[in-house]
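A.B. asks: Next up, coords_1.pdb (PDB, C-alpha atoms).
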```pdb
ATOM      1  CA  MET A   1      23.211  43.417 -47.554
ATOM      2  CA  ILE A   2      22.656  43.764 -51.302
ATOM      3  CA  ALA A   3      26.322  43.028 -51.957
ATOM      4  CA  ALA A   4      26.185  39.963 -49.686
ATOM      5  CA  VAL A   5      23.138  38.570 -51.493
ATOM      6  CA  ALA A   6      24.701  39.256 -54.897
ATOM      7  CA  LEU A   7      27.933  37.546 -53.879
ATOM      8  CA  ALA A   8      26.094  34.556 -52.392
ATOM      9  CA  GLY A   9      24.072  34.182 -55.583
ATOM     10  CA  TYR A  10      27.239  34.372 -57.657
ATOM     11  CA  ALA A  11      28.872  31.675 -55.483
ATOM     12  CA  VAL A  12      25.861  29.372 -55.968
ATOM     13  CA  PHE A  13      25.887  30.081 -59.702
ATOM     14  CA  VAL A  14      29.570  29.142 -59.961
ATOM     15  CA  GLY A  15      29.402  26.206 -57.553
ATOM     16  CA  VAL A  16      26.343  24.576 -59.120
ATOM     17  CA  THR A  17      25.131  25.898 -62.474
ATOM     18  CA  VAL A  18      28.441  26.664 -64.162
ATOM     19  CA  SER A  19      30.012  23.486 -62.761
ATOM     20  CA  PHE A  20      27.352  21.207 -64.256
ATOM     21  CA  GLY A  21      27.533  23.129 -67.524
ATOM     22  CA  LEU A  22      31.301  22.710 -67.787
ATOM     23  CA  ALA A  23      31.129  19.021 -66.855
ATOM     24  CA  ARG A  24      28.592  18.373 -69.614
ATOM     25  CA  ALA A  25      30.344  20.433 -72.284
ATOM     26  CA  GLU A  26      32.148  18.702 -75.162
ATOM     27  CA  TRP A  27      34.980  21.158 -75.739
ATOM     28  CA  PRO A  28      37.024  20.202 -72.613
ATOM     29  CA  HIS A  29      37.901  16.858 -74.204
ATOM     30  CA  ARG A  30      39.236  18.749 -77.216
ATOM     31  CA  ALA A  31      41.318  21.116 -75.081
ATOM     32  CA  PRO A  32      42.084  19.423 -71.730
ATOM     33  CA  VAL A  33      44.753  21.941 -70.698
ATOM     34  CA  LEU A  34      42.320  24.811 -71.129
ATOM     35  CA  ALA A  35      39.629  22.856 -69.286
ATOM     36  CA  VAL A  36      41.978  22.315 -66.321
ATOM     37  CA  LEU A  37      42.532  26.073 -66.148
ATOM     38  CA  ALA A  38      38.772  26.616 -66.260
ATOM     39  CA  TRP A  39      38.165  24.244 -63.327
ATOM     40  CA  LEU A  40      40.946  25.894 -61.311
ATOM     41  CA  GLY A  41      39.406  29.282 -62.083
ATOM     42  CA  LEU A  42      35.989  28.126 -60.866
ATOM     43  CA  MET A  43      37.447  26.806 -57.613
ATOM     44  CA  ALA A  44      39.322  30.060 -56.976
ATOM     45  CA  THR A  45      36.193  32.061 -57.830
ATOM     46  CA  PHE A  46      34.037  30.097 -55.389
ATOM     47  CA  VAL A  47      36.497  30.498 -52.517
ATOM     48  CA  ILE A  48      36.934  34.242 -53.074
ATOM     49  CA  THR A  49      33.222  34.877 -53.557
ATOM     50  CA  THR A  50      32.185  32.856 -50.519
ATOM     51  CA  ALA A  51      34.735  34.586 -48.303
ATOM     52  CA  LEU A  52      33.584  38.024 -49.446
ATOM     53  CA  SER A  53      29.932  37.079 -49.024
ATOM     54  CA  VAL A  54      30.512  35.978 -45.422
ATOM     55  CA  TYR A  55      32.468  39.153 -44.800
ATOM     56  CA  HIS A  56      29.627  41.381 -46.013
ATOM     57  CA  LEU A  57      27.054  39.468 -43.991
ATOM     58  CA  ALA A  58      29.083  40.101 -40.839
ATOM     59  CA  LEU A  59      29.690  43.795 -41.448
ATOM     60  CA  THR A  60      28.346  46.460 -39.148
ATOM     61  CA  GLU A  61      26.440  49.401 -40.586
ATOM     62  CA  GLN A  62      29.562  51.591 -40.452
ATOM     63  CA  HIS A  63      31.600  49.090 -42.374
ATOM     64  CA  VAL A  64      28.870  48.582 -44.945
ATOM     65  CA  HIS A  65      28.927  52.265 -45.776
ATOM     66  CA  ASP A  66      32.665  52.218 -46.451
ATOM     67  CA  GLY A  67      32.882  48.816 -48.100
ATOM     68  CA  LEU A  68      35.963  46.620 -47.622
ATOM     69  CA  VAL A  69      38.067  49.690 -46.853
ATOM     70  CA  GLY A  70      35.781  50.388 -43.898
ATOM     71  CA  LEU A  71      36.737  47.231 -42.095
ATOM     72  CA  LEU A  72      40.438  47.702 -42.819
ATOM     73  CA  ASN A  73      40.257  51.241 -41.453
ATOM     74  CA  ALA A  74      38.413  50.017 -38.367
ATOM     75  CA  CYS A  75      41.090  47.430 -37.736
ATOM     76  CA  GLY A  76      43.917  49.858 -38.437
ATOM     77  CA  LEU A  77      45.080  47.904 -41.472
ATOM     78  CA  ALA A  78      44.490  50.506 -44.147
ATOM     79  CA  HIS A  79      47.284  52.889 -45.085
ATOM     80  CA  ASP A  80      45.166  55.962 -44.442
ATOM     81  CA  ALA A  81      43.610  54.672 -41.214
ATOM     82  CA  PRO A  82      43.325  57.497 -38.654
ATOM     83  CA  HIS A  83      45.707  57.083 -35.713
ATOM     84  CA  ALA A  84      43.115  58.302 -33.251
ATOM     85  CA  GLU A  85      40.859  55.342 -33.851
ATOM     86  CA  SER A  86      40.322  53.012 -30.920
ATOM     87  CA  ALA A  87      41.821  49.545 -30.983
ATOM     88  CA  PRO A  88      39.908  46.918 -32.979
ATOM     89  CA  THR A  89      37.212  45.175 -30.995
ATOM     90  CA  LEU A  90      36.682  41.423 -30.719
ATOM     91  CA  GLY A  91      33.802  41.786 -33.181
ATOM     92  CA  ASP A  92      36.101  43.433 -35.724
ATOM     93  CA  VAL A  93      38.591  40.596 -35.362
ATOM     94  CA  LEU A  94      35.882  37.957 -35.794
ATOM     95  CA  VAL A  95      34.501  39.732 -38.869
ATOM     96  CA  LEU A  96      37.929  39.614 -40.456
ATOM     97  CA  ALA A  97      38.629  36.068 -39.232
ATOM     98  CA  ALA A  98      35.523  34.500 -40.789
ATOM     99  CA  PRO A  99      36.493  35.077 -44.443
ATOM    100  CA  VAL A 100      40.130  34.281 -43.659
ATOM    101  CA  VAL A 101      39.058  30.861 -42.356
ATOM    102  CA  ILE A 102      37.211  30.207 -45.607
ATOM    103  CA  LEU A 103      40.317  31.155 -47.570
ATOM    104  CA  LEU A 104      42.577  28.978 -45.419
ATOM    105  CA  LEU A 105      40.277  25.938 -45.294
ATOM    106  CA  PRO A 106      41.153  24.551 -48.759
ATOM    107  CA  LEU A 107      44.824  25.385 -48.171
ATOM    108  CA  GLY A 108      44.772  23.357 -44.974
ATOM    109  CA  TRP A 109      43.188  20.412 -46.760
ATOM    110  CA  LEU A 110      45.743  20.783 -49.567
ATOM    111  CA  ALA A 111      48.580  20.483 -47.073
ATOM    112  CA  ARG A 112      47.000  17.401 -45.505
ATOM    113  CA  CYS A 113      46.211  15.706 -48.834
ATOM    114  CA  THR A 114      49.717  16.404 -50.121
ATOM    115  CA  TRP A 115      51.283  15.017 -46.956
ATOM    116  CA  LYS A 116      49.176  11.844 -47.016
ATOM    117  CA  ALA A 117      49.882  11.250 -50.709
ATOM    118  CA  ARG A 118      53.606  11.731 -50.157
ATOM    119  CA  ARG A 119      53.588   9.206 -47.326
ATOM    120  CA  ALA A 120      51.707   6.688 -49.466
ATOM    121  CA  ARG A 121      54.173   7.134 -52.334
ATOM    122  CA  GLN A 122      57.134   6.762 -50.012
ATOM    123  CA  ARG A 123      55.736   3.504 -48.584
ATOM    124  CA  HIS A 124      55.320   2.165 -52.105
ATOM    125  CA  LEU A 125      58.840   3.263 -53.057
ATOM    126  CA  ASP A 126      60.190   1.425 -50.021
ATOM    127  CA  LEU A 127      58.294  -1.670 -51.134
ATOM    128  CA  LEU A 128      59.654  -1.393 -54.668
ATOM    129  CA  ALA A 129      63.175  -1.234 -53.280
ATOM    130  CA  LEU A 130      62.582  -4.697 -51.832
ATOM    131  CA  VAL A 131      60.580  -6.498 -54.527
ATOM    132  CA  GLY A 132      61.094  -4.455 -57.708
ATOM    133  CA  GLU A 133      63.668  -5.075 -60.412
ATOM    134  CA  PRO A 134      65.281  -2.089 -62.180
ATOM    135  CA  ALA A 135      64.776  -1.963 -65.949
ATOM    136  CA  PRO A 136      67.246   0.674 -67.214
ATOM    137  CA  GLU A 137      66.255   0.072 -70.837
ATOM    138  CA  TYR A 138      62.806   1.405 -70.015
ATOM    139  CA  GLY A 139      63.763   3.837 -67.262
ATOM    140  CA  ALA A 140      61.340   1.992 -64.996
ATOM    141  CA  THR A 141      60.978  -0.640 -62.282
ATOM    142  CA  VAL A 142      59.492  -4.068 -63.033
ATOM    143  CA  LEU A 143      57.146  -5.589 -60.480
ATOM    144  CA  ASP A 144      56.485  -9.336 -60.529
ATOM    145  CA  HIS A 145      52.692  -9.211 -60.771
ATOM    146  CA  ALA A 146      50.451 -11.067 -63.215
ATOM    147  CA  VAL A 147      47.898  -8.269 -63.771
ATOM    148  CA  PRO A 148      48.951  -5.944 -66.635
ATOM    149  CA  ALA A 149      49.535  -2.466 -65.235
ATOM    150  CA  VAL A 150      51.750   0.518 -65.888
ATOM    151  CA  TYR A 151      51.739   3.417 -63.444
ATOM    152  CA  CYS A 152      53.954   6.122 -62.017
ATOM    153  CA  LEU A 153      54.746   7.424 -58.565
ATOM    154  CA  PRO A 154      55.070  11.178 -59.134
ATOM    155  CA  GLY A 155      56.987  13.610 -57.019
ATOM    156  CA  ARG A 156      60.617  14.533 -56.466
ATOM    157  CA  HIS A 157      61.730  10.926 -56.869
ATOM    158  CA  GLY A 158      59.307   9.999 -59.636
ATOM    159  CA  ARG A 159      59.254   6.375 -60.651
ATOM    160  CA  VAL A 160      57.534   4.470 -63.467
ATOM    161  CA  VAL A 161      56.448   0.932 -62.607
ATOM    162  CA  ILE A 162      55.660  -1.896 -65.037
ATOM    163  CA  THR A 163      54.212  -5.217 -63.957
ATOM    164  CA  GLN A 164      55.414  -8.462 -65.476
ATOM    165  CA  GLY A 165      51.900  -9.003 -66.770
ATOM    166  CA  ALA A 166      52.179  -5.791 -68.815
ATOM    167  CA  LEU A 167      55.504  -6.894 -70.261
ATOM    168  CA  ASP A 168      53.881 -10.165 -71.313
ATOM    169  CA  VAL A 169      50.949  -8.614 -73.201
ATOM    170  CA  LEU A 170      52.348  -5.354 -74.589
ATOM    171  CA  SER A 171      54.419  -5.115 -77.720
ATOM    172  CA  GLU A 172      57.516  -2.947 -77.707
ATOM    173  CA  PRO A 173      55.785   0.045 -79.408
ATOM    174  CA  GLN A 174      52.793  -0.260 -77.065
ATOM    175  CA  LEU A 175      55.056  -0.339 -74.032
ATOM    176  CA  ARG A 176      56.952   2.723 -75.225
ATOM    177  CA  ALA A 177      53.656   4.566 -75.723
ATOM    178  CA  VAL A 178      52.369   3.965 -72.181
ATOM    179  CA  LEU A 179      55.785   4.797 -70.747
ATOM    180  CA  GLU A 180      55.621   8.154 -72.513
ATOM    181  CA  HIS A 181      52.166   8.620 -71.003
ATOM    182  CA  GLU A 182      53.520   8.040 -67.502
ATOM    183  CA  ARG A 183      56.516  10.323 -67.992
ATOM    184  CA  ALA A 184      54.083  13.063 -69.002
ATOM    185  CA  HIS A 185      52.407  12.680 -65.594
ATOM    186  CA  ILE A 186      55.708  13.002 -63.753
ATOM    187  CA  GLU A 187      57.091  15.903 -65.783
ATOM    188  CA  GLY A 188      53.752  17.733 -65.758
ATOM    189  CA  ARG A 189      53.385  17.314 -61.968
ATOM    190  CA  HIS A 190      49.825  16.154 -62.490
ATOM    191  CA  HIS A 191      49.662  14.828 -58.936
ATOM    192  CA  LEU A 192      49.468  18.451 -57.759
ATOM    193  CA  LEU A 193      46.298  18.975 -59.808
ATOM    194  CA  HIS A 194      44.822  15.847 -58.220
ATOM    195  CA  ALA A 195      45.740  17.203 -54.780
ATOM    196  CA  LEU A 196      44.159  20.604 -55.491
ATOM    197  CA  ALA A 197      40.885  19.071 -56.651
ATOM    198  CA  ASP A 198      40.818  16.597 -53.751
ATOM    199  CA  ALA A 199      41.507  19.333 -51.196
ATOM    200  CA  PHE A 200      38.754  21.571 -52.584
ATOM    201  CA  CYS A 201      36.295  18.665 -52.567
ATOM    202  CA  ARG A 202      37.081  17.903 -48.923
ATOM    203  CA  ALA A 203      36.947  21.554 -47.900
ATOM    204  CA  PHE A 204      33.437  21.958 -49.337
ATOM    205  CA  PRO A 205      31.774  18.515 -49.090
ATOM    206  CA  GLY A 206      28.535  18.133 -50.989
ATOM    207  CA  LEU A 207      29.243  21.069 -53.286
ATOM    208  CA  PRO A 208      28.765  20.003 -56.948
ATOM    209  CA  LEU A 209      31.829  22.010 -57.982
ATOM    210  CA  GLY A 210      33.912  19.958 -55.546
ATOM    211  CA  TRP A 211      33.121  16.442 -56.702
ATOM    212  CA  LEU A 212      32.741  17.436 -60.342
ATOM    213  CA  ALA A 213      36.139  19.146 -60.361
ATOM    214  CA  LYS A 214      37.755  16.118 -58.723
ATOM    215  CA  GLU A 215      36.153  13.737 -61.213
ATOM    216  CA  GLN A 216      36.902  15.854 -64.277
ATOM    217  CA  MET A 217      40.444  16.734 -63.209
ATOM    218  CA  ALA A 218      41.321  13.046 -62.978
ATOM    219  CA  LEU A 219      40.053  12.491 -66.514
ATOM    220  CA  LEU A 220      41.598  15.643 -67.984
ATOM    221  CA  VAL A 221      45.125  14.982 -66.731
ATOM    222  CA  GLU A 222      44.939  11.531 -68.304
ATOM    223  CA  MET A 223      43.937  13.151 -71.595
ATOM    224  CA  ILE A 224      46.841  15.583 -71.317
ATOM    225  CA  ALA A 225      49.218  12.646 -70.852
ATOM    226  CA  ASP A 226      47.560  10.843 -73.787
ATOM    227  CA  ASP A 227      48.203  13.876 -75.994
ATOM    228  CA  ARG A 228      51.870  13.837 -74.987
ATOM    229  CA  ALA A 229      52.159  10.165 -75.945
ATOM    230  CA  LEU A 230      50.397  10.809 -79.273
ATOM    231  CA  ARG A 231      53.189  13.175 -80.289
ATOM    232  CA  PHE A 232      55.528  10.227 -80.630
ATOM    233  CA  HIS A 233      53.279   7.193 -81.156
ATOM    234  CA  PRO A 234      50.372   6.303 -83.492
ATOM    235  CA  PRO A 235      46.840   6.472 -82.013
ATOM    236  CA  GLU A 236      46.184   2.776 -82.660
ATOM    237  CA  VAL A 237      49.261   1.757 -80.684
ATOM    238  CA  LEU A 238      48.365   3.892 -77.661
ATOM    239  CA  ALA A 239      44.696   2.881 -77.735
ATOM    240  CA  THR A 240      45.542  -0.821 -77.844
ATOM    241  CA  ALA A 241      48.013  -0.457 -75.009
ATOM    242  CA  MET A 242      45.431   1.397 -72.905
ATOM    243  CA  CYS A 243      42.963  -1.455 -73.412
ATOM    244  CA  GLU A 244      45.548  -4.032 -72.390
ATOM    245  CA  VAL A 245      46.361  -2.323 -69.092
ATOM    246  CA  ALA A 246      42.865  -1.007 -68.343
ATOM    247  CA  SER A 247      42.235  -3.807 -65.833
ATOM    248  CA  GLY A 248      45.298  -2.918 -63.789
ATOM    249  CA  ARG A 249      44.660  -0.649 -60.805
ATOM    250  CA  ALA A 250      47.297   1.844 -59.725
ATOM    251  CA  PRO A 251      48.058   1.955 -55.991
ATOM    252  CA  GLN A 252      47.132   4.898 -53.783
ATOM    253  CA  ALA A 253      48.766   8.210 -54.796
ATOM    254  CA  ALA A 254      49.919   6.758 -58.138
ATOM    255  CA  LEU A 255      48.765   7.602 -61.655
ATOM    256  CA  GLY A 256      48.095   4.689 -63.980
ATOM    257  CA  ALA A 257      48.038   4.347 -67.774
ATOM    258  CA  GLY A 258      44.664   2.603 -67.552
ATOM    259  CA  GLY A 259      43.539   5.492 -65.415
ATOM    260  CA  SER A 260      40.219   7.225 -65.228
ATOM    261  CA  GLY A 261      37.630   6.947 -67.996
ATOM    262  CA  ALA A 262      39.598   4.488 -70.140
ATOM    263  CA  ILE A 263      36.710   3.945 -72.580
ATOM    264  CA  ILE A 264      36.211   7.678 -73.095
ATOM    265  CA  ARG A 265      39.935   8.155 -73.602
ATOM    266  CA  VAL A 266      40.287   5.295 -76.071
ATOM    267  CA  ARG A 267      37.448   6.712 -78.151
ATOM    268  CA  ARG A 268      39.054  10.146 -78.004
ATOM    269  CA  VAL A 269      42.490   8.846 -79.024
ATOM    270  CA  LEU A 270      41.090   6.992 -82.027
ATOM    271  CA  THR A 271      38.940   9.899 -83.254
ATOM    272  CA  THR A 272      41.688  12.558 -82.845
ATOM    273  CA  PRO A 273      39.438  15.500 -81.835
ATOM    274  CA  THR A 274      40.035  18.876 -83.458
ATOM    275  CA  ARG A 275      41.252  21.689 -81.259
ATOM    276  CA  PRO A 276      38.790  24.487 -80.465
ATOM    277  CA  PRO A 277      39.176  27.675 -82.516
ATOM    278  CA  ARG A 278      41.439  30.399 -81.166
ATOM    279  CA  VAL A 279      38.471  32.645 -80.454
ATOM    280  CA  MET A 280      37.096  30.041 -78.066
ATOM    281  CA  TRP A 281      40.475  29.677 -76.367
ATOM    282  CA  LEU A 282      40.689  33.415 -75.806
ATOM    283  CA  GLY A 283      37.076  33.559 -74.600
ATOM    284  CA  VAL A 284      37.552  30.794 -72.035
ATOM    285  CA  LEU A 285      40.832  32.303 -70.827
ATOM    286  CA  ALA A 286      39.219  35.713 -70.466
ATOM    287  CA  ALA A 287      36.274  34.231 -68.543
ATOM    288  CA  THR A 288      38.638  32.254 -66.295
ATOM    289  CA  VAL A 289      40.556  35.413 -65.389
ATOM    290  CA  ALA A 290      37.460  37.620 -65.042
ATOM    291  CA  ALA A 291      35.412  35.197 -62.914
ATOM    292  CA  PRO A 292      37.416  35.628 -59.661
ATOM    293  CA  LEU A 293      37.882  39.366 -60.274
ATOM    294  CA  LEU A 294      34.176  40.151 -60.549
ATOM    295  CA  PRO A 295      33.360  39.539 -56.847
ATOM    296  CA  LEU A 296      36.333  41.708 -55.880
ATOM    297  CA  LEU A 297      34.874  44.594 -57.875
ATOM    298  CA  VAL A 298      31.517  44.111 -56.157
ATOM    299  CA  ALA A 299      32.960  43.821 -52.651
ATOM    300  CA  CYS A 300      35.729  46.390 -52.676
ATOM    301  CA  GLY A 301      33.724  49.323 -53.917
ATOM    302  CA  PRO A 302      32.343  51.874 -51.456
TER     303      PRO A 302
END
```
Could you render the structure from this file as structure tokens?

C.D. replies:
Amino acid sequence: MIAAVALAGYAVFVGVTVSFGLARAEWPHRAPVLAVLAWLGLMATFVITTALSVYHLALTEQHVHDGLVGLLNACGLAHDAPHAESAPTLGDVLVLAAPVVILLLPLGWLARCTWKARRARQRHLDLLALVGEPAPEYGATVLDHAVPAVYCLPGRHGRVVITQGALDVLSEPQLRAVLEHERAHIEGRHHLLHALADAFCRAFPGLPLGWLAKEQMALLVEMIADDRALRFHPPEVLATAMCEVASGRAPQAALGAGGSGAIIRVRRVLTTPTRPPRVMWLGVLAATVAAPLLPLLVACGP
């Protein structure tokens, strides 16, 4: 029971306190790649901790004495399980099934979110085949639409789309900058990060970690793509281009150059934030790795 309470408290701490703290911190905007890893670590930690907490709450007295190994022995799953043991009871199966369901829940939502996003992208690709005009000089497809917008359809058949309105208002350097931004999304497979955050949010509705991770992940992947574009283009060019296309909305399952938090990103691009010191990088990485391991140490001991 003590282990179950400790694990439940740790899950609440990660799902609420740490999540709000990370969302309000300033360093993630200076190191968006590291911040993405931190959010993924928190999501993994919450799932593992919650599953182990439910497992310990459901344990019988015999299993509690032996820890996680006790249940595996009772079910005949441990290597040193005695052959004379009776077959696992329905209660044993249910005890093991409860944490497994918690582990599989976000994976099930991930499969559904990925499938829905793929269908939406395919519908849009089919539409582009009818109304879009190839632009080989840009490696993109031009859509006859007055609202300035530049977005990409990620995936195996990734496609960058430019509206005619964007071509009318963007200069050549500005257009090249936002195109680099969109290629960063495709090559970095940022749509998978969106899908992970969306699946976790749906699996645990109402949990602060869920909606905060989804919100912050959308902003962080845009910052990662901004940083890629800044390698080849001046900050003023990218910032101006972002302002020009900020009003354009990307379709479902697409990632747009205007994107999430355009004002925050423009300010960040123009101020060129300094990277966190190496000590901080190592500290965050160590915490990200240790966070999901800590509940395993608590739960797997005798």

A.B. asks: Do you know which residues the PyMOL selection byres ((chain A and resi 169) around 10) returns on this file, as a ChimeraX atom specification?

C.D. replies: /A:147-148,164-168,170-172,174-175,241,244-245

A.B. asks: Could you state which residues are captured by the PyMOL selection byres ((chain A and resi 201) around 10) in this file, as a PyMOL selection string?

C.D. replies: chain A and resi 43+106+109+195-200+202-215

A.B. asks: Between atom CA of Phe46 of chain A and atom CA of Glu26 of chain A, what distance in Å does the model show, to one decimal?

C.D. replies: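 It comes out at 22.9 Å.
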
A.B. asks: Report as a CSV table (one decimal) with C-alpha atoms, in the frame of the given file the full result of the PyMOL selection byres ((chain A and resi 100) around 12) when it is applied to this structure.

C.D. replies:
```
chain,number,residue,atom,x,y,z
A,47,VAL,CA,36.5,30.5,-52.5
A,48,ILE,CA,36.9,34.2,-53.1
A,50,THR,CA,32.2,32.9,-50.5
A,51,ALA,CA,34.7,34.6,-48.3
A,52,LEU,CA,33.6,38.0,-49.4
A,53,SER,CA,29.9,37.1,-49.0
A,54,VAL,CA,30.5,36.0,-45.4
A,55,TYR,CA,32.5,39.2,-44.8
A,93,VAL,CA,38.6,40.6,-35.4
A,94,LEU,CA,35.9,38.0,-35.8
A,95,VAL,CA,34.5,39.7,-38.9
A,96,LEU,CA,37.9,39.6,-40.5
A,97,ALA,CA,38.6,36.1,-39.2
A,98,ALA,CA,35.5,34.5,-40.8
A,99,PRO,CA,36.5,35.1,-44.4
A,101,VAL,CA,39.1,30.9,-42.4
A,102,ILE,CA,37.2,30.2,-45.6
A,103,LEU,CA,40.3,31.2,-47.6
A,104,LEU,CA,42.6,29.0,-45.4
A,105,LEU,CA,40.3,25.9,-45.3
A,106,PRO,CA,41.2,24.6,-48.8
A,107,LEU,CA,44.8,25.4,-48.2
A,108,GLY,CA,44.8,23.4,-45.0
```

A.B. asks: Within 12 Å of segment 134-136 of chain A, counting all atoms listed in the file, which residues show up once you throw out same-chain ones fewer than 2 positions away? Write them as a list in words, please.

C.D. replies: Leu128, Ala129, Leu130, Val131, Gly132, Tyr138, Gly139, Ala140, Thr141, Val142, Leu143, Asp144, Arg159, Val160, Val161, Ile162, Thr163, Gln164 and Leu167 of chain A

A.B. asks: Grab the atom CA of Gly21 of chain A to atom CA of Ala184 of chain A distance for me, in Å with one decimal place.

C.D. replies: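 Distance between the two atoms: 28.4 Å.
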